[in-house]
file target39.cif (mmCIF, C-alpha atoms (C1' of nucleotides))
data_data
loop_
_atom_site.group_PDB
_atom_site.id
_atom_site.type_symbol
_atom_site.label_atom_id
_atom_site.label_comp_id
_atom_site.auth_asym_id
_atom_site.auth_seq_id
_atom_site.Cartn_x
_atom_site.Cartn_y
_atom_site.Cartn_z
ATOM 1 C CA MET F 813 3.061 2.008 -24.317
ATOM 2 C CA ARG F 814 0.753 1.321 -21.470
ATOM 3 C CA ALA F 815 3.428 0.266 -19.058
ATOM 4 C CA GLU F 816 0.836 -1.266 -16.773
ATOM 5 C CA ALA F 817 1.131 -4.333 -18.966
ATOM 6 C CA LEU F 818 4.639 -4.730 -17.587
ATOM 7 C CA LYS F 819 3.346 -6.347 -14.414
ATOM 8 C CA GLY F 820 5.572 -9.255 -13.685
ATOM 9 C CA HIS F 821 8.044 -8.551 -16.458
ATOM 10 C CA LEU F 822 9.841 -5.497 -15.147
ATOM 11 C CA ASP F 823 12.250 -7.366 -12.916
ATOM 12 C CA GLY F 824 13.693 -9.303 -15.816
ATOM 13 C CA LEU F 825 14.217 -6.128 -17.806
ATOM 14 C CA LEU F 826 16.122 -4.500 -14.971
ATOM 15 C CA LEU F 827 18.266 -7.570 -14.472
ATOM 16 C CA ALA F 828 18.991 -7.731 -18.201
ATOM 17 C CA THR F 829 20.113 -4.118 -18.160
ATOM 18 C CA LEU F 830 22.591 -4.893 -15.408
ATOM 19 C CA GLU F 831 23.916 -7.941 -17.206
ATOM 20 C CA GLY F 832 26.504 -5.905 -19.116
ATOM 21 C CA GLY F 833 28.033 -4.586 -15.923
ATOM 22 C CA PRO F 834 27.249 -2.515 -12.809
ATOM 23 C CA GLN F 835 25.142 0.592 -13.287
ATOM 24 C CA HIS F 836 23.364 3.125 -11.121
ATOM 25 C CA GLY F 837 19.579 3.494 -11.093
ATOM 26 C CA TYR F 838 19.273 6.493 -13.327
ATOM 27 C CA ALA F 839 21.546 4.904 -15.909
ATOM 28 C CA VAL F 840 19.432 1.748 -15.842
ATOM 29 C CA LYS F 841 16.362 3.794 -16.635
ATOM 30 C CA GLU F 842 18.128 5.464 -19.561
ATOM 31 C CA ALA F 843 19.620 2.241 -20.873
ATOM 32 C CA LEU F 844 16.155 0.711 -20.929
ATOM 33 C CA ARG F 845 14.806 3.711 -22.783
ATOM 34 C CA ASP F 846 17.589 3.552 -25.359
ATOM 35 C CA ALA F 847 17.363 -0.209 -25.808
ATOM 36 C CA THR F 848 13.716 0.135 -26.803
ATOM 37 C CA GLY F 849 14.003 3.166 -29.031
ATOM 38 C CA GLY F 850 12.334 5.372 -26.440
ATOM 39 C CA ARG F 851 9.200 3.246 -26.301
ATOM 40 C CA LEU F 852 9.826 2.173 -22.729
ATOM 41 C CA ASP F 853 10.522 5.328 -20.764
ATOM 42 C CA LEU F 854 9.853 4.362 -17.179
ATOM 43 C CA PRO F 855 9.260 6.979 -14.485
ATOM 44 C CA THR F 856 11.792 7.016 -11.663
ATOM 45 C CA GLY F 857 8.980 6.176 -9.264
ATOM 46 C CA THR F 858 8.824 2.833 -11.012
ATOM 47 C CA VAL F 859 12.524 2.149 -11.362
ATOM 48 C CA TYR F 860 13.813 2.941 -7.881
ATOM 49 C CA PRO F 861 11.273 0.938 -5.889
ATOM 50 C CA ALA F 862 11.780 -1.969 -8.280
ATOM 51 C CA LEU F 863 15.532 -1.874 -7.733
ATOM 52 C CA HIS F 864 14.972 -1.835 -3.974
ATOM 53 C CA ARG F 865 12.746 -4.857 -4.346
ATOM 54 C CA LEU F 866 15.364 -6.691 -6.364
ATOM 55 C CA GLU F 867 18.009 -5.861 -3.787
ATOM 56 C CA ARG F 868 15.836 -7.077 -0.941
ATOM 57 C CA ALA F 869 15.328 -10.267 -2.894
ATOM 58 C CA GLY F 870 19.084 -10.693 -3.211
ATOM 59 C CA LEU F 871 19.098 -10.520 -7.009
ATOM 60 C CA ILE F 872 21.225 -7.382 -7.154
ATOM 61 C CA LYS F 873 23.677 -5.759 -4.771
ATOM 62 C CA GLY F 874 23.994 -2.011 -4.352
ATOM 63 C CA SER F 875 26.770 0.214 -3.085
ATOM 64 C CA TRP F 876 27.059 3.952 -2.567
ATOM 65 C CA SER F 877 29.582 6.161 -4.272
ATOM 66 C CA VAL F 878 29.936 9.848 -5.092
ATOM 67 C CA VAL F 879 30.545 10.971 -8.654
ATOM 68 C CA GLY F 880 30.778 14.628 -9.586
ATOM 69 C CA GLY F 881 29.359 15.685 -6.252
ATOM 70 C CA ARG F 882 26.315 13.498 -6.719
ATOM 71 C CA ARG F 883 25.763 10.411 -4.661
ATOM 72 C CA ARG F 884 25.074 7.308 -6.639
ATOM 73 C CA ARG F 885 23.863 3.880 -5.777
ATOM 74 C CA THR F 886 25.484 1.419 -8.115
ATOM 75 C CA TYR F 887 23.921 -1.981 -8.571
ATOM 76 C CA GLU F 888 25.338 -5.194 -9.877
ATOM 77 C CA LEU F 889 23.912 -8.653 -10.474
ATOM 78 C CA THR F 890 24.428 -11.316 -7.852
ATOM 79 C CA GLU F 891 24.856 -14.948 -8.767
ATOM 80 C CA GLN F 892 21.253 -15.477 -7.783
ATOM 81 C CA GLY F 893 20.255 -12.552 -9.972
ATOM 82 C CA ARG F 894 22.006 -14.113 -12.916
ATOM 83 C CA ARG F 895 20.090 -17.319 -12.460
ATOM 84 C CA SER F 896 16.882 -15.373 -12.040
ATOM 85 C CA LEU F 897 17.561 -13.540 -15.305
ATOM 86 C CA ALA F 898 17.958 -16.822 -17.140
ATOM 87 C CA GLY F 899 14.695 -17.980 -15.635
ATOM 88 C CA ALA F 900 13.005 -14.732 -16.623
ATOM 89 C CA ARG F 901 14.088 -15.217 -20.220
ATOM 90 C CA ASP F 902 12.741 -18.762 -20.297
ATOM 91 C CA HIS F 903 9.558 -17.623 -18.675
ATOM 92 C CA TRP F 904 9.150 -14.795 -21.148
ATOM 93 C CA GLN F 905 9.544 -17.082 -24.113
ATOM 94 C CA GLU F 906 6.919 -19.451 -22.832
ATOM 95 C CA PHE F 907 4.642 -16.617 -21.876
ATOM 96 C CA ALA F 908 4.962 -14.975 -25.290
ATOM 97 C CA ALA F 909 4.312 -18.266 -27.043
ATOM 98 C CA VAL F 910 1.212 -18.923 -24.946
ATOM 99 C CA ILE F 911 -0.248 -15.464 -25.411
ATOM 100 C CA SER F 912 0.481 -15.504 -29.121
ATOM 101 C CA ALA F 913 -1.184 -18.885 -29.496
ATOM 102 C CA ALA F 914 -4.268 -17.785 -27.618
ATOM 103 C CA LEU F 915 -4.470 -14.341 -29.152
ATOM 104 C CA GLY F 916 -4.214 -15.657 -32.678
ATOM 105 C CA GLY F 917 -4.802 -13.280 -35.553
ATOM 106 C CA GLY F 918 -1.376 -13.853 -36.996
ATOM 107 C CA PRO F 919 0.729 -12.163 -34.336
ATOM 108 C CA TRP F 920 3.509 -14.606 -34.864
ATOM 109 C CA PRO F 921 5.448 -14.584 -38.115
ATOM 110 C CA ALA F 922 5.827 -18.344 -37.708
ATOM 111 C CA THR F 923 2.346 -19.428 -38.742
ATOM 112 C CA ASN F 924 2.102 -17.316 -41.863
ATOM 113 C CA MET T 9 2.268 -20.822 -16.053
ATOM 114 C CA ARG T 10 2.137 -18.128 -13.489
ATOM 115 C CA ALA T 11 -0.872 -16.322 -14.868
ATOM 116 C CA GLU T 12 -0.104 -13.373 -12.639
ATOM 117 C CA ALA T 13 2.091 -12.124 -15.462
ATOM 118 C CA LEU T 14 -1.076 -11.749 -17.505
ATOM 119 C CA LYS T 15 -1.788 -8.337 -16.043
ATOM 120 C CA GLY T 16 -3.213 -6.253 -18.819
ATOM 121 C CA HIS T 17 -3.264 -9.030 -21.411
ATOM 122 C CA LEU T 18 -6.175 -11.144 -20.250
ATOM 123 C CA ASP T 19 -8.873 -9.052 -21.860
ATOM 124 C CA GLY T 20 -7.450 -9.586 -25.315
ATOM 125 C CA LEU T 21 -7.294 -13.330 -24.762
ATOM 126 C CA LEU T 22 -10.935 -13.482 -23.742
ATOM 127 C CA LEU T 23 -11.988 -11.377 -26.710
ATOM 128 C CA ALA T 24 -9.971 -13.578 -29.053
ATOM 129 C CA THR T 25 -11.689 -16.663 -27.665
ATOM 130 C CA LEU T 26 -15.065 -15.159 -28.460
ATOM 131 C CA GLU T 27 -14.037 -14.192 -31.959
ATOM 132 C CA GLY T 28 -15.068 -17.556 -33.389
ATOM 133 C CA GLY T 29 -18.600 -17.178 -32.107
ATOM 134 C CA PRO T 30 -20.636 -16.774 -28.905
ATOM 135 C CA GLN T 31 -19.630 -18.879 -25.919
ATOM 136 C CA HIS T 32 -20.463 -19.108 -22.255
ATOM 137 C CA GLY T 33 -17.934 -18.359 -19.542
ATOM 138 C CA TYR T 34 -16.986 -21.876 -18.627
ATOM 139 C CA ALA T 35 -16.459 -22.743 -22.288
ATOM 140 C CA VAL T 36 -14.229 -19.692 -22.701
ATOM 141 C CA LYS T 37 -12.067 -20.903 -19.852
ATOM 142 C CA GLU T 38 -11.788 -24.360 -21.452
ATOM 143 C CA ALA T 39 -11.167 -23.013 -24.940
ATOM 144 C CA LEU T 40 -8.307 -20.934 -23.564
ATOM 145 C CA ARG T 41 -6.882 -23.948 -21.822
ATOM 146 C CA ASP T 42 -7.102 -26.061 -24.958
ATOM 147 C CA ALA T 43 -5.689 -23.358 -27.223
ATOM 148 C CA THR T 44 -2.565 -23.211 -25.088
ATOM 149 C CA GLY T 45 -2.077 -26.927 -24.575
ATOM 150 C CA GLY T 46 -3.170 -26.677 -20.955
ATOM 151 C CA ARG T 47 -0.513 -24.128 -20.078
ATOM 152 C CA LEU T 48 -3.033 -21.396 -19.392
ATOM 153 C CA ASP T 49 -5.637 -22.887 -17.088
ATOM 154 C CA LEU T 50 -7.292 -19.898 -15.480
ATOM 155 C CA PRO T 51 -9.332 -20.230 -12.290
ATOM 156 C CA THR T 52 -12.994 -19.298 -12.618
ATOM 157 C CA GLY T 53 -12.425 -16.521 -10.114
ATOM 158 C CA THR T 54 -10.285 -14.909 -12.764
ATOM 159 C CA VAL T 55 -12.467 -15.568 -15.798
ATOM 160 C CA TYR T 56 -15.891 -14.522 -14.537
ATOM 161 C CA PRO T 57 -14.953 -11.146 -13.078
ATOM 162 C CA ALA T 58 -12.976 -10.408 -16.239
ATOM 163 C CA LEU T 59 -15.994 -11.187 -18.411
ATOM 164 C CA HIS T 60 -18.126 -8.911 -16.249
ATOM 165 C CA ARG T 61 -15.563 -6.191 -16.689
ATOM 166 C CA LEU T 62 -15.589 -6.613 -20.445
ATOM 167 C CA GLU T 63 -19.367 -6.515 -20.498
ATOM 168 C CA ARG T 64 -19.473 -3.351 -18.410
ATOM 169 C CA ALA T 65 -17.009 -1.855 -20.866
ATOM 170 C CA GLY T 66 -19.316 -2.721 -23.751
ATOM 171 C CA LEU T 67 -16.817 -5.039 -25.455
ATOM 172 C CA ILE T 68 -18.993 -8.135 -25.111
ATOM 173 C CA LYS T 69 -22.717 -8.699 -24.662
ATOM 174 C CA GLY T 70 -24.147 -11.443 -22.481
ATOM 175 C CA SER T 71 -27.497 -13.192 -22.424
ATOM 176 C CA TRP T 72 -28.941 -15.870 -20.183
ATOM 177 C CA SER T 73 -30.112 -19.231 -21.376
ATOM 178 C CA VAL T 74 -30.742 -22.645 -19.855
ATOM 179 C CA VAL T 75 -29.070 -25.730 -21.269
ATOM 180 C CA GLY T 76 -29.537 -29.160 -19.715
ATOM 181 C CA GLY T 77 -31.091 -27.652 -16.615
ATOM 182 C CA ARG T 78 -28.100 -25.412 -16.079
ATOM 183 C CA ARG T 79 -28.289 -21.689 -16.556
ATOM 184 C CA ARG T 80 -25.678 -20.241 -18.828
ATOM 185 C CA ARG T 81 -24.570 -16.761 -19.606
ATOM 186 C CA THR T 82 -23.532 -16.648 -23.238
ATOM 187 C CA TYR T 83 -21.281 -13.860 -24.410
ATOM 188 C CA GLU T 84 -20.595 -12.498 -27.855
ATOM 189 C CA LEU T 85 -18.341 -9.783 -29.197
ATOM 190 C CA THR T 86 -19.794 -6.355 -29.858
ATOM 191 C CA GLU T 87 -18.557 -4.194 -32.693
ATOM 192 C CA GLN T 88 -16.556 -2.251 -30.146
ATOM 193 C CA GLY T 89 -15.143 -5.483 -28.814
ATOM 194 C CA ARG T 90 -14.009 -6.467 -32.269
ATOM 195 C CA ARG T 91 -12.153 -3.203 -32.651
ATOM 196 C CA SER T 92 -10.688 -3.588 -29.192
ATOM 197 C CA LEU T 93 -9.432 -7.041 -30.108
ATOM 198 C CA ALA T 94 -7.657 -5.663 -33.138
ATOM 199 C CA GLY T 95 -6.100 -3.023 -30.913
ATOM 200 C CA ALA T 96 -5.081 -5.651 -28.374
ATOM 201 C CA ARG T 97 -3.299 -7.609 -31.093
ATOM 202 C CA ASP T 98 -1.413 -4.548 -32.266
ATOM 203 C CA HIS T 99 -0.582 -3.663 -28.718
ATOM 204 C CA TRP T 100 0.655 -7.155 -27.984
ATOM 205 C CA GLN T 101 2.958 -7.136 -30.976
ATOM 206 C CA GLU T 102 4.554 -3.881 -29.921
ATOM 207 C CA PHE T 103 4.756 -4.976 -26.325
ATOM 208 C CA ALA T 104 6.389 -8.280 -27.227
ATOM 209 C CA ALA T 105 8.873 -6.529 -29.486
ATOM 210 C CA VAL T 106 9.799 -4.043 -26.783
ATOM 211 C CA ILE T 107 10.229 -6.635 -24.066
ATOM 212 C CA SER T 108 12.179 -8.925 -26.351
ATOM 213 C CA ALA T 109 14.472 -6.074 -27.347
ATOM 214 C CA ALA T 110 15.127 -5.099 -23.750
ATOM 215 C CA LEU T 111 15.361 -8.612 -22.387
ATOM 216 C CA GLY T 112 17.793 -9.748 -25.052
ATOM 217 C CA GLY T 113 19.375 -13.162 -24.823
ATOM 218 C CA GLY T 114 17.926 -14.680 -27.974
ATOM 219 C CA PRO T 115 14.421 -13.383 -27.606
ATOM 220 C CA TRP T 116 12.432 -14.445 -30.620
ATOM 221 C CA PRO T 117 11.606 -18.002 -31.656
ATOM 222 C CA ALA T 118 10.431 -16.608 -35.007
ATOM 223 C CA THR T 119 13.691 -17.341 -36.733
ATOM 224 C CA ASN T 120 13.203 -21.099 -36.672
ATOM 225 C "C1'" DT V 517 22.213 36.744 -8.375
ATOM 226 C "C1'" DC V 518 18.316 34.064 -9.822
ATOM 227 C "C1'" DA V 519 15.917 30.658 -12.369
ATOM 228 C "C1'" DC V 520 15.799 26.625 -14.747
ATOM 229 C "C1'" DT V 521 17.203 22.084 -16.433
ATOM 230 C "C1'" DA V 522 19.481 17.704 -16.065
ATOM 231 C "C1'" DT V 523 21.087 14.415 -13.085
ATOM 232 C "C1'" DA V 524 20.401 11.396 -9.034
ATOM 233 C "C1'" DG V 525 18.055 9.607 -5.256
ATOM 234 C "C1'" DG V 526 13.790 8.874 -2.622
ATOM 235 C "C1'" DT V 527 8.696 8.119 -0.489
ATOM 236 C "C1'" DA V 528 3.427 7.920 0.131
ATOM 237 C "C1'" DG V 529 -0.714 6.669 -1.531
ATOM 238 C "C1'" DC V 530 -3.500 4.925 -5.153
ATOM 239 C "C1'" DA V 531 -5.501 1.797 -8.541
ATOM 240 C "C1'" DA V 532 -5.597 -2.076 -11.469
ATOM 241 C "C1'" DC V 533 -6.127 -6.771 -11.658
ATOM 242 C "C1'" DC V 534 -5.472 -11.454 -10.946
ATOM 243 C "C1'" DC V 535 -5.663 -15.011 -7.282
ATOM 244 C "C1'" DT V 536 -7.360 -17.697 -3.327
ATOM 245 C "C1'" DA V 537 -11.088 -19.294 -1.101
ATOM 246 C "C1'" DC V 538 -15.367 -19.694 -0.704
ATOM 247 C "C1'" DG V 539 -20.694 -20.237 -1.821
ATOM 248 C "C1'" DC V 540 -24.819 -21.971 -4.627
ATOM 249 C "C1'" DA V 541 -27.155 -25.125 -7.966
ATOM 250 C "C1'" DT V 542 -27.770 -29.081 -11.288
ATOM 251 C "C1'" DT V 543 -26.722 -33.496 -13.624
ATOM 252 C "C1'" DG V 544 -24.948 -37.958 -13.763
ATOM 253 C "C1'" DG V 545 -22.169 -41.748 -12.411
ATOM 254 C "C1'" DA V 546 -20.014 -44.811 -8.739
ATOM 255 C "C1'" DT A 1493 -25.939 -41.670 -1.152
ATOM 256 C "C1'" DC A 1494 -22.001 -39.280 -2.212
ATOM 257 C "C1'" DC A 1495 -18.942 -37.131 -5.245
ATOM 258 C "C1'" DA A 1496 -17.236 -35.152 -9.493
ATOM 259 C "C1'" DA A 1497 -18.035 -32.217 -13.271
ATOM 260 C "C1'" DT A 1498 -20.382 -28.400 -14.970
ATOM 261 C "C1'" DG A 1499 -21.681 -23.606 -14.458
ATOM 262 C "C1'" DC A 1500 -22.200 -19.113 -12.192
ATOM 263 C "C1'" DG A 1501 -20.866 -16.008 -8.724
ATOM 264 C "C1'" DT A 1502 -18.607 -12.842 -4.816
ATOM 265 C "C1'" DA A 1503 -15.310 -11.131 -1.051
ATOM 266 C "C1'" DG A 1504 -10.984 -9.990 0.240
ATOM 267 C "C1'" DG A 1505 -6.140 -9.763 -0.406
ATOM 268 C "C1'" DG A 1506 -1.538 -9.080 -2.404
ATOM 269 C "C1'" DT A 1507 1.498 -7.669 -5.845
ATOM 270 C "C1'" DT A 1508 3.134 -4.043 -8.447
ATOM 271 C "C1'" DG A 1509 3.553 -0.211 -11.340
ATOM 272 C "C1'" DC A 1510 1.979 4.738 -11.524
ATOM 273 C "C1'" DT A 1511 1.180 9.570 -10.065
ATOM 274 C "C1'" DA A 1512 2.707 13.099 -7.459
ATOM 275 C "C1'" DC A 1513 5.585 14.835 -4.715
ATOM 276 C "C1'" DC A 1514 10.234 15.846 -2.099
ATOM 277 C "C1'" DT A 1515 15.538 16.613 -1.582
ATOM 278 C "C1'" DA A 1516 20.046 17.805 -3.495
ATOM 279 C "C1'" DT A 1517 23.979 19.164 -6.740
ATOM 280 C "C1'" DA A 1518 26.045 20.960 -11.129
ATOM 281 C "C1'" DG A 1519 25.759 23.697 -14.967
ATOM 282 C "C1'" DT A 1520 23.735 27.198 -18.077
ATOM 283 C "C1'" DG A 1521 21.742 31.471 -19.267
ATOM 284 C "C1'" DA A 1522 19.454 35.806 -18.265
#
call {"tool": "encode", "arguments": {"input": "target39.cif", "output": "C-alpha cells"}}
result
Amino acid sequence: MRAEALKGHLDGLLLATLEGGPQHGYAVKEALRDATGGRLDLPTGTVYPALHRLERAGLIKGSWSVVGGRRRRTYELTEQGRRSLAGARDHWQEFAAVISAALGGGPWPATN
Amino acid sequence: MRAEALKGHLDGLLLATLEGGPQHGYAVKEALRDATGGRLDLPTGTVYPALHRLERAGLIKGSWSVVGGRRRRTYELTEQGRRSLAGARDHWQEFAAVISAALGGGPWPATN
DNA sequence: TCACTATAGGTAGCAACCCTACGCATTGGA
DNA sequence: TCCAATGCGTAGGGTTGCTACCTATAGTGA
C-alpha cells in the first residue's frame, strides 16, 4: 500500500488503536499491522512523530515506564482524544462515501 | 469536506470525471461538485495544477479551443490514463478496506 | 567474546500535494 | 458602469508521511 495516501487519516487510526486501552508506541505500530493483515506496516519514523503530534494536540497522554530494562512511553486516550476519534470515524464515512460516489466504477457494493 | 484528506486520491477522481468524455478544467471541477452533491467543491488552484500534473504524466491529453470568446483547454483520457483509472479504483478499494478495518467502529455503510 | 536480531525510542531533512491568495481575460446582466 | 460568472493560470506555504539515520537493551547463536 502506498501509505502516502494516508495523509489526514493516520491520526484516527492511531487513536482507534488506543481505544482498547493504553499501549506503547511500538505496540501501536504492531497492532495496526495485525489489524490490517500486514497491509499497513508503518515505519517507526511515521508512528513516533505522529504520536508526538497527537500528544501535543492533547488527544493522547503519554507516560514513561521501564519494562524488562527497556524504557517505554505508554499512551492513552484523553477525553478529547475520544471525541476526536468519534469525529474521525464520522469524517471517514463521509469521505469514503464522497470518493466512492465520484470515483464510480462500482467500488461500492451498494449500487450493484 | 476538508479536501486536504484527498492527498493521493485526487488524481483518480479527475480521471473518473473524464471517463465519460472530454471536458475542460472548469467543467471537471463542476462535474465533481455535482457528483458529490456539493460536498467536494475544489478550488481552481487545486484542479488546474492537478490536471497539468496528469497531463505531464501522460494520463490525459489537452487541447486548446475557443468557445464563446473564451479559450478552453479540453482534456481527454489517454489509454494510459484509462489503465491508471482502473488501478486507482482497485487501489481505493483496498485502501478503504484497510482503513475501515483499522478504524473500526462500524466502518462500512454497505450492509444497509 | 562477538555479531546479529528484535524490541523500543528518537531526530533531520525531504518530497508530495493540496490550499490560499492572487492575477488575467471575456461575456452578460443589473 | 460595475460586478458576477466563466475560464485559465501561477507563487508560495503548510501539513504530513517517508527515508535514513542514531541510541540503547535483551537474547540468541557462533
call {"tool": "resolve_selection", "arguments": {"input": "target39.cif", "expression": "the PyMOL selection byres ((chain V and resi 525-541) around 7)", "output": "ChimeraX atom specification"}}
result
/T:12,15,54 /V:524,542
call {"tool": "write_last_selection", "arguments": {"input": "target39.cif", "atoms": "C-alpha atoms (C1' of nucleotides)", "output": "compact mmCIF listing (two decimals), keeping the file's coordinate frame"}}
result
# COMPACT_ATOMS: atom_id res chain seq x y z
CA GLU T 12 -0.10 -13.37 -12.64
CA LYS T 15 -1.79 -8.34 -16.04
CA THR T 54 -10.28 -14.91 -12.76
C1' DA V 524 20.40 11.40 -9.03
C1' DT V 542 -27.77 -29.08 -11.29
call {"tool": "calpha_fit_rmsd", "arguments": {"input": "target39.cif", "fixed": "chain T", "moving": "chain F"}}
result
1.3 Å
call {"tool": "atom_distance", "arguments": {"input": "target39.cif", "atom1": "atom CA of Thr886 of chain F", "atom2": "atom CA of Gly824 of chain F"}}
result
17.7 Å
call {"tool": "interface_residues", "arguments": {"input": "target39.cif", "of": "chain A", "to": "chain F", "cutoff": "8 Å", "atoms": "only C-alpha atoms (C1' of nucleotides)", "output": "MDAnalysis selection string"}}
result
chainID A and resid 1508:1510 1517:1518
call {"tool": "atom_distance", "arguments": {"input": "target39.cif", "atom1": "atom CA of Ala105 of chain T", "atom2": "atom CA of His17 of chain T"}}
result
14.8 Å
call {"tool": "resolve_selection", "arguments": {"input": "target39.cif", "expression": "the PyMOL selection byres ((chain F and resi 876) around 12)", "output": "PDB file with C-alpha atoms (C1' of nucleotides), keeping the file's coordinate frame"}}
result
ATOM      1  CA  GLN F 835      25.142   0.592 -13.287  1.00  0.00           C
ATOM      2  CA  HIS F 836      23.364   3.125 -11.121  1.00  0.00           C
ATOM      3  CA  GLY F 837      19.579   3.494 -11.093  1.00  0.00           C
ATOM      4  CA  LYS F 873      23.677  -5.759  -4.771  1.00  0.00           C
ATOM      5  CA  GLY F 874      23.994  -2.011  -4.352  1.00  0.00           C
ATOM      6  CA  SER F 875      26.770   0.214  -3.085  1.00  0.00           C
ATOM      7  CA  SER F 877      29.582   6.161  -4.272  1.00  0.00           C
ATOM      8  CA  VAL F 878      29.936   9.848  -5.092  1.00  0.00           C
ATOM      9  CA  VAL F 879      30.545  10.971  -8.654  1.00  0.00           C
ATOM     10  CA  ARG F 882      26.315  13.498  -6.719  1.00  0.00           C
ATOM     11  CA  ARG F 883      25.763  10.411  -4.661  1.00  0.00           C
ATOM     12  CA  ARG F 884      25.074   7.308  -6.639  1.00  0.00           C
ATOM     13  CA  ARG F 885      23.863   3.880  -5.777  1.00  0.00           C
ATOM     14  CA  THR F 886      25.484   1.419  -8.115  1.00  0.00           C
ATOM     15  CA  TYR F 887      23.921  -1.981  -8.571  1.00  0.00           C
ATOM     16  CA  GLU F 888      25.338  -5.194  -9.877  1.00  0.00           C
TER      17      GLU F 888
ATOM     18  C1'  DA V 524      20.401  11.396  -9.034  1.00  0.00           C
ATOM     19  C1'  DG V 525      18.055   9.607  -5.256  1.00  0.00           C
TER      20       DG V 525
END
call {"tool": "interface_residues", "arguments": {"input": "target39.cif", "of": "chain F", "to": "chain T", "cutoff": "6 Å", "atoms": "all atoms listed in the file", "output": "list in words"}}
result
Ala817, Lys819, Gly820, Leu825, Ala828, Ala847, Thr848, Val910, Ala914, Leu915 and Ala922 of chain F
call {"tool": "residues_around", "arguments": {"input": "target39.cif", "residues": "DA546 of chain V", "least_positions_apart": "4", "cutoff": "12 Å", "atoms": "all atoms listed in the file", "output": "JSON, numbers by chain"}}
result
{"A": [1493, 1494, 1495, 1496]}
call {"tool": "write_last_selection", "arguments": {"input": "target39.cif", "atoms": "C-alpha atoms (C1' of nucleotides)", "output": "compact mmCIF listing (two decimals), in the frame of the given file"}}
result
# COMPACT_ATOMS: atom_id res chain seq x y z
C1' DT A 1493 -25.94 -41.67 -1.15
C1' DC A 1494 -22.00 -39.28 -2.21
C1' DC A 1495 -18.94 -37.13 -5.24
C1' DA A 1496 -17.24 -35.15 -9.49
call {"tool": "atom_distance", "arguments": {"input": "target39.cif", "atom1": "atom C1' of DT1515 of chain A", "atom2": "atom C1' of DA519 of chain V"}}
result
17.7 Å
call {"tool": "build_atoms", "arguments": {"input": "target39.cif", "residues": "segment 829-833 of chain F", "atoms": "all heavy atoms", "output": "CSV table (one decimal), in the coordinates of the input"}}
result
chain,number,residue,atom,x,y,z
F,829,THR,N,19.4,-5.4,-18.0
F,829,THR,CA,20.1,-4.1,-18.2
F,829,THR,C,21.4,-4.1,-17.4
F,829,THR,O,22.4,-3.6,-17.8
F,829,THR,CB,19.3,-2.9,-17.7
F,829,THR,OG1,18.0,-2.9,-18.4
F,829,THR,CG2,20.0,-1.6,-18.0
F,830,LEU,N,21.4,-4.8,-16.3
F,830,LEU,CA,22.6,-4.9,-15.4
F,830,LEU,C,23.5,-6.0,-15.8
F,830,LEU,O,24.6,-6.2,-15.3
F,830,LEU,CB,22.2,-5.1,-13.9
F,830,LEU,CG,21.5,-3.9,-13.3
F,830,LEU,CD1,21.0,-4.2,-11.9
F,830,LEU,CD2,22.6,-2.7,-13.2
F,831,GLU,N,23.1,-6.8,-16.8
F,831,GLU,CA,23.9,-7.9,-17.2
F,831,GLU,C,25.3,-7.5,-17.8
F,831,GLU,O,26.3,-8.2,-17.6
F,831,GLU,CB,23.2,-8.8,-18.2
F,831,GLU,CG,23.7,-10.2,-18.4
F,831,GLU,CD,23.0,-11.0,-19.5
F,831,GLU,OE1,22.4,-10.3,-20.3
F,831,GLU,OE2,23.0,-12.2,-19.4
F,832,GLY,N,25.3,-6.4,-18.5
F,832,GLY,CA,26.5,-5.9,-19.1
F,832,GLY,C,27.5,-5.4,-18.2
F,832,GLY,O,28.7,-5.1,-18.5
F,833,GLY,N,27.1,-5.2,-16.9
F,833,GLY,CA,28.0,-4.6,-15.9
F,833,GLY,C,27.3,-3.7,-14.9
F,833,GLY,O,26.1,-3.4,-15.2
